[in-house]
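Just data-v2.tsv here, TSV, C-alpha atoms:
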chain	number	residue	atom	x	y	z
A	114	MET	CA	106.90	162.17	-6.55
A	115	MET	CA	109.41	160.60	-8.90
A	116	LYS	CA	113.03	161.37	-8.08
A	117	ASN	CA	114.60	159.98	-11.23
A	118	LYS	CA	113.57	158.93	-14.71
A	119	SER	CA	113.39	155.21	-13.93
A	120	ASP	CA	111.00	155.72	-10.98
A	121	CYS	CA	108.18	155.55	-13.50
A	122	LEU	CA	108.96	151.84	-13.84
A	123	LYS	CA	108.47	151.04	-10.15
A	124	LEU	CA	105.44	148.90	-9.50
A	125	GLU	CA	104.37	151.20	-6.66
A	126	ASN	CA	104.04	154.06	-9.17
A	127	GLN	CA	101.70	152.20	-11.51
A	128	LEU	CA	97.97	152.94	-11.50
A	129	CYS	CA	97.42	149.87	-13.67
A	130	PHE	CA	98.76	147.46	-11.06
A	131	PRO	CA	96.23	148.04	-8.25
A	132	LEU	CA	93.46	148.12	-10.88
A	133	TYR	CA	94.63	144.77	-12.23
A	134	VAL	CA	94.95	143.15	-8.79
A	135	CYS	CA	91.62	144.51	-7.56
A	136	SER	CA	89.88	143.25	-10.69
A	137	LYS	CA	91.47	139.82	-10.32
A	138	GLU	CA	90.59	139.62	-6.62
A	139	VAL	CA	87.00	140.79	-7.07
A	140	ILE	CA	86.47	138.19	-9.81
A	141	ARG	CA	88.01	135.57	-7.49
A	142	LYS	CA	85.43	136.53	-4.84
A	143	TYR	CA	82.64	135.98	-7.40
A	144	LYS	CA	83.87	132.51	-8.35
A	145	PRO	CA	82.21	130.40	-5.61
A	146	TYR	CA	78.83	132.02	-6.26
A	147	LEU	CA	79.14	131.77	-10.03
A	148	ASP	CA	80.35	128.16	-9.85
A	149	LYS	CA	76.97	127.29	-8.31
A	150	LEU	CA	75.33	128.77	-11.40
A	151	ASP	CA	77.87	127.19	-13.79
A	152	LEU	CA	78.85	130.64	-15.09
A	153	THR	CA	82.15	132.38	-15.64
A	154	TYR	CA	82.41	136.02	-14.63
A	155	THR	CA	82.20	137.13	-18.27
A	156	GLN	CA	79.11	134.97	-18.83
A	157	TYR	CA	77.60	136.49	-15.68
A	158	ILE	CA	78.07	140.09	-16.83
A	159	ALA	CA	76.68	139.16	-20.25
A	160	MET	CA	73.63	137.70	-18.52
A	161	MET	CA	73.27	140.89	-16.46
A	162	VAL	CA	72.90	142.82	-19.71
A	163	MET	CA	70.50	140.20	-21.08
A	164	TRP	CA	68.32	140.37	-17.96
A	165	GLU	CA	68.03	144.09	-18.50
A	166	GLN	CA	67.79	144.31	-22.31
A	167	LYS	CA	66.09	140.97	-23.19
A	168	GLU	CA	67.22	141.21	-26.83
A	169	LEU	CA	70.09	142.96	-28.61
A	170	THR	CA	72.76	142.46	-31.24
A	171	VAL	CA	76.21	141.07	-30.56
A	172	LYS	CA	77.63	144.52	-31.32
A	173	GLU	CA	75.30	146.18	-28.79
A	174	LEU	CA	76.25	143.60	-26.16
A	175	GLY	CA	79.92	144.22	-26.96
A	176	ASP	CA	79.38	147.95	-26.50
A	177	TYR	CA	77.88	147.38	-23.05
A	178	LEU	CA	80.69	145.07	-21.96
A	179	TYR	CA	83.64	146.63	-23.84
A	180	LEU	CA	84.21	143.29	-25.57
A	181	ASP	CA	84.68	142.44	-29.24
A	182	SER	CA	82.75	139.85	-31.22
A	183	GLY	CA	85.75	137.50	-31.18
A	184	THR	CA	85.43	137.30	-27.40
A	185	LEU	CA	81.63	137.28	-27.36
A	186	THR	CA	81.01	134.59	-29.96
A	187	PRO	CA	82.38	131.63	-27.95
A	188	LEU	CA	80.85	133.04	-24.75
A	189	LEU	CA	77.41	133.32	-26.39
A	190	LYS	CA	77.72	129.82	-27.87
A	191	LYS	CA	78.27	128.49	-24.32
A	192	LEU	CA	75.30	130.47	-22.96
A	193	GLU	CA	73.18	129.13	-25.81
A	194	GLU	CA	74.31	125.55	-25.07
A	195	LYS	CA	73.22	126.12	-21.45
A	196	GLY	CA	69.83	127.30	-22.71
A	197	TYR	CA	70.10	130.89	-21.41
A	198	VAL	CA	70.13	132.74	-24.73
A	199	HIS	CA	69.13	132.14	-28.31
A	200	ARG	CA	71.12	133.47	-31.28
A	201	THR	CA	69.50	134.26	-34.63
A	202	ARG	CA	70.56	136.16	-37.74
A	203	SER	CA	68.82	139.50	-38.27
A	204	LYS	CA	66.25	139.34	-41.07
A	205	GLU	CA	67.08	142.94	-42.03
A	206	ASP	CA	70.85	142.41	-42.16
A	207	GLU	CA	72.19	138.87	-41.98
A	208	ARG	CA	75.59	140.17	-40.85
A	209	ASN	CA	74.00	141.01	-37.49
A	210	MET	CA	73.42	138.33	-34.88
A	211	ILE	CA	70.48	138.93	-32.52
A	212	ILE	CA	70.78	137.59	-28.97
A	213	SER	CA	67.53	136.90	-27.08
A	214	ILE	CA	67.12	135.75	-23.51
A	215	THR	CA	65.25	132.47	-23.03
A	216	ASP	CA	62.86	131.50	-20.25
A	217	GLU	CA	65.72	129.51	-18.67
A	218	GLY	CA	67.88	132.64	-18.84
A	219	LYS	CA	65.15	134.65	-17.13
A	220	ALA	CA	64.83	131.99	-14.43
A	221	LEU	CA	68.59	132.14	-13.81
A	222	LYS	CA	68.15	135.74	-12.65
A	223	LYS	CA	66.22	134.53	-9.58
A	224	ARG	CA	69.15	132.27	-8.67
A	225	ALA	CA	71.69	135.09	-9.13
A	226	VAL	CA	69.88	137.93	-7.37
A	227	HIS	CA	71.76	137.37	-4.07
A	228	ILE	CA	75.25	137.68	-5.60
A	229	PRO	CA	75.70	141.49	-5.49
A	230	ALA	CA	74.85	141.59	-1.76
A	231	LYS	CA	77.25	138.71	-1.05
A	232	LEU	CA	80.06	140.54	-2.88
A	233	SER	CA	79.26	143.80	-1.15
A	234	ALA	CA	79.65	142.04	2.20
A	235	CYS	CA	83.05	140.65	1.09
A	236	VAL	CA	84.34	144.08	0.10
A	237	ASN	CA	83.10	145.74	3.31
A	238	MET	CA	83.52	149.27	1.98
A	239	GLU	CA	81.67	152.36	3.19
A	240	PRO	CA	78.84	153.11	0.74
A	241	LYS	CA	80.13	156.66	0.08
A	242	ASP	CA	83.63	155.28	-0.65
A	243	ALA	CA	82.21	152.63	-2.97
A	244	GLU	CA	80.16	155.28	-4.79
A	245	GLN	CA	83.23	157.51	-5.16
A	246	LEU	CA	85.32	154.60	-6.46
A	247	TYR	CA	82.56	153.68	-8.92
A	248	LYS	CA	82.47	157.25	-10.27
A	249	LEU	CA	86.26	157.44	-10.55
A	250	LEU	CA	86.49	154.11	-12.36
A	251	TYR	CA	83.85	155.18	-14.89
A	252	GLN	CA	85.65	158.49	-15.39
A	253	LEU	CA	88.81	156.53	-16.16
A	254	LEU	CA	86.92	154.14	-18.43
A	255	ASP	CA	85.39	157.08	-20.32
A	256	LYS	CA	88.83	158.64	-20.77
A	257	LEU	CA	90.32	155.37	-22.02
A	258	ALA	CA	87.42	154.71	-24.39
A	259	GLU	CA	87.65	158.32	-25.64
A	260	LYS	CA	91.28	157.77	-26.67
A	261	GLU	CA	90.33	154.81	-28.88
A	262	LYS	CA	87.81	156.78	-30.96

Take the structure in the file and give it back as structure tokens.
Amino acid sequence: MMKNKSDCLKLENQLCFPLYVCSKEVIRKYKPYLDKLDLTYTQYIAMMVMWEQKELTVKELGDYLYLDSGTLTPLLKKLEEKGYVHRTRSKEDERNMIISITDEGKALKKRAVHIPAKLSACVNMEPKDAEQLYKLLYQLLDKLAEKEK
């Protein structure tokens, strides 16, 4: 409960702050595992989509990850340099870039499959609490994305 007008500016009253810190700390927990794969966290989540979808446009990948093409282009160039994806212009519409997973990218999945379990052990959260948090975060994400439309 806020007692005066300026209480809204207290850090303890900010929803954004614990979200920010949790995000930063979770990504920090990923780092040692991703370093072994020579991936950043953003490259890792892009590869997660690629493992599932195999081929999609930059726009579709951006929709999955809530990232714009300005962020994705350098990330995808790096993944292509590493041999994990291949980028080609769409024959139907040259404005669209198609991203395809390579055999090396598929093989990387086998090396990454242990990471979610390792992170789950670090967080040490009751499964029902983790499921509730997951649902709440996606509700918030949906609300935020709704406002931008």

Separating CA of Met160 (chain A) from CA of Leu174 (chain A), to the nearest tenth of an Å, is a gap of 10.0 Å

Neighbours of Val171 (chain A) within 12 Å (all atoms listed in the file; same-chain residues fewer than 3 positions away dropped), as JSON, numbers by chain? {"A": [159, 162, 163, 168, 174, 175, 176, 177, 178, 179, 180, 181, 182, 183, 184, 185, 186, 187, 188, 189, 190, 198, 199, 200, 201, 202, 203, 208, 209, 210, 211, 212, 213]}

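Atom pair CA of Pro240 (chain A) / CA of Asp151 (chain A): separated by 29.7 Å.
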
Name all residues at most 10 Å from Val139 (chain A) (count only C-alpha atoms; drop same-chain ones fewer than 3 positions away) and give them as a PyMOL selection string. chain A and resi 134-136+142-144+232+235-236

Could you name the residues that touch Trp164 (chain A) at 8 Å or less, counting all atoms listed in the file, but leaving out those on the same chain fewer than 4 positions away, as a list in words? Met160, Ile214, Gly218, Lys219 and Lys222 of chain A

Suppose we keep C-alpha atoms; can you now write the selection as an mmCIF file, in the frame of the given file?
data_model
loop_
_atom_site.group_PDB
_atom_site.id
_atom_site.type_symbol
_atom_site.label_atom_id
_atom_site.label_comp_id
_atom_site.auth_asym_id
_atom_site.auth_seq_id
_atom_site.Cartn_x
_atom_site.Cartn_y
_atom_site.Cartn_z
ATOM 1 C CA MET A 160 73.630 137.700 -18.520
ATOM 2 C CA ILE A 214 67.120 135.750 -23.510
ATOM 3 C CA GLY A 218 67.880 132.640 -18.840
ATOM 4 C CA LYS A 219 65.150 134.650 -17.130
ATOM 5 C CA LYS A 222 68.150 135.740 -12.650
#

Please compute the CA of Ala220 (chain A)-CA of Leu169 (chain A) distance, one decimal, in Å. 18.7 Å

Contacts between region 243-257 of chain A and region 131-239 of chain A, please, where a residue of region 131-239 of chain A counts if it comes within 10 Å (with all atoms listed in the file); show its shortest atom pair and distance in Å to one decimal, rows by chain and ascending number, as a tab-separated table.
residue	atom	partner	partner_atom	distance
A:Leu132	CA	A:Leu250	CA	9.3
A:Tyr179	CA	A:Leu254	CA	9.8
A:Ser233	CA	A:Ala243	CA	9.5
A:Val236	CA	A:Ala243	CA	9.3
A:Asn237	CA	A:Ala243	CA	9.4
A:Met238	CA	A:Ala243	CA	6.1
A:Glu239	CA	A:Ala243	CA	6.2

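The nearest approach to Leu147 (chain A) among the residues A:Ala234, A:Ala258, A:Leu124, A:Ala225, with all atoms listed in the file taken into account, belongs to A:Ala225.
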
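Using only C-alpha atoms, the shortest contact distance between Gln156 (chain A) and any of A:Lys191, A:Lys241, A:Lys172, A:Lys118 is found at A:Lys191.
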
Keeping N, CA and C atoms (and nothing else), can you write region 169-199 of chain A of this structure as a compact mmCIF listing (two decimals), in the first residue's frame?
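Written output follows (out_0.txt):
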# COMPACT_ATOMS: atom_id res chain seq x y z
N LEU A 169 12.34 -21.11 -41.13
CA LEU A 169 11.37 -20.04 -40.98
C LEU A 169 11.99 -18.73 -41.44
N THR A 170 11.17 -17.71 -41.53
CA THR A 170 11.68 -16.39 -41.93
C THR A 170 12.23 -15.66 -40.70
N VAL A 171 13.00 -14.62 -40.96
CA VAL A 171 13.52 -13.79 -39.88
C VAL A 171 12.35 -13.19 -39.09
N LYS A 172 11.32 -12.77 -39.80
CA LYS A 172 10.15 -12.19 -39.12
C LYS A 172 9.49 -13.22 -38.20
N GLU A 173 9.33 -14.44 -38.68
CA GLU A 173 8.71 -15.49 -37.85
C GLU A 173 9.58 -15.77 -36.62
N LEU A 174 10.89 -15.83 -36.80
CA LEU A 174 11.78 -16.04 -35.67
C LEU A 174 11.65 -14.88 -34.68
N GLY A 175 11.59 -13.67 -35.20
CA GLY A 175 11.41 -12.49 -34.35
C GLY A 175 10.11 -12.54 -33.57
N ASP A 176 9.06 -13.05 -34.20
CA ASP A 176 7.77 -13.19 -33.51
C ASP A 176 7.87 -14.18 -32.35
N TYR A 177 8.58 -15.28 -32.57
CA TYR A 177 8.77 -16.26 -31.49
C TYR A 177 9.53 -15.66 -30.31
N LEU A 178 10.57 -14.89 -30.63
CA LEU A 178 11.50 -14.42 -29.60
C LEU A 178 11.23 -12.99 -29.13
N TYR A 179 10.24 -12.33 -29.71
CA TYR A 179 9.95 -10.93 -29.37
C TYR A 179 11.17 -10.05 -29.65
N LEU A 180 11.82 -10.30 -30.79
CA LEU A 180 13.00 -9.54 -31.19
C LEU A 180 12.78 -8.97 -32.58
N ASP A 181 13.38 -7.83 -32.87
CA ASP A 181 13.25 -7.24 -34.20
C ASP A 181 14.40 -7.69 -35.10
N SER A 182 14.25 -7.40 -36.38
CA SER A 182 15.26 -7.86 -37.35
C SER A 182 16.62 -7.20 -37.12
N GLY A 183 16.62 -5.98 -36.56
CA GLY A 183 17.88 -5.31 -36.26
C GLY A 183 18.70 -6.05 -35.21
N THR A 184 18.01 -6.72 -34.30
CA THR A 184 18.68 -7.54 -33.29
C THR A 184 19.03 -8.91 -33.86
N LEU A 185 18.13 -9.45 -34.67
CA LEU A 185 18.32 -10.81 -35.18
C LEU A 185 19.39 -10.91 -36.26
N THR A 186 19.52 -9.90 -37.10
CA THR A 186 20.46 -9.99 -38.22
C THR A 186 21.89 -10.28 -37.77
N PRO A 187 22.48 -9.52 -36.83
CA PRO A 187 23.84 -9.87 -36.42
C PRO A 187 23.91 -11.21 -35.69
N LEU A 188 22.88 -11.54 -34.93
CA LEU A 188 22.84 -12.83 -34.23
C LEU A 188 22.83 -13.98 -35.24
N LEU A 189 22.02 -13.86 -36.28
CA LEU A 189 21.94 -14.92 -37.30
C LEU A 189 23.21 -15.00 -38.13
N LYS A 190 23.86 -13.86 -38.37
CA LYS A 190 25.15 -13.89 -39.07
C LYS A 190 26.17 -14.71 -38.28
N LYS A 191 26.19 -14.50 -36.95
CA LYS A 191 27.11 -15.26 -36.08
C LYS A 191 26.78 -16.75 -36.12
N LEU A 192 25.49 -17.08 -36.02
CA LEU A 192 25.10 -18.50 -36.06
C LEU A 192 25.44 -19.12 -37.41
N GLU A 193 25.34 -18.33 -38.47
CA GLU A 193 25.71 -18.83 -39.79
C GLU A 193 27.23 -19.04 -39.88
N GLU A 194 28.01 -18.09 -39.33
CA GLU A 194 29.47 -18.25 -39.30
C GLU A 194 29.87 -19.51 -38.55
N LYS A 195 29.12 -19.85 -37.51
CA LYS A 195 29.41 -21.05 -36.71
C LYS A 195 28.92 -22.32 -37.40
N GLY A 196 28.16 -22.16 -38.48
CA GLY A 196 27.70 -23.30 -39.26
C GLY A 196 26.38 -23.91 -38.77
N TYR A 197 25.65 -23.20 -37.91
CA TYR A 197 24.42 -23.75 -37.32
C TYR A 197 23.17 -23.45 -38.13
N VAL A 198 23.19 -22.36 -38.88
CA VAL A 198 22.05 -22.01 -39.72
C VAL A 198 22.55 -21.54 -41.07
N HIS A 199 21.63 -21.53 -42.02
CA HIS A 199 21.93 -21.01 -43.35
C HIS A 199 20.85 -19.98 -43.68
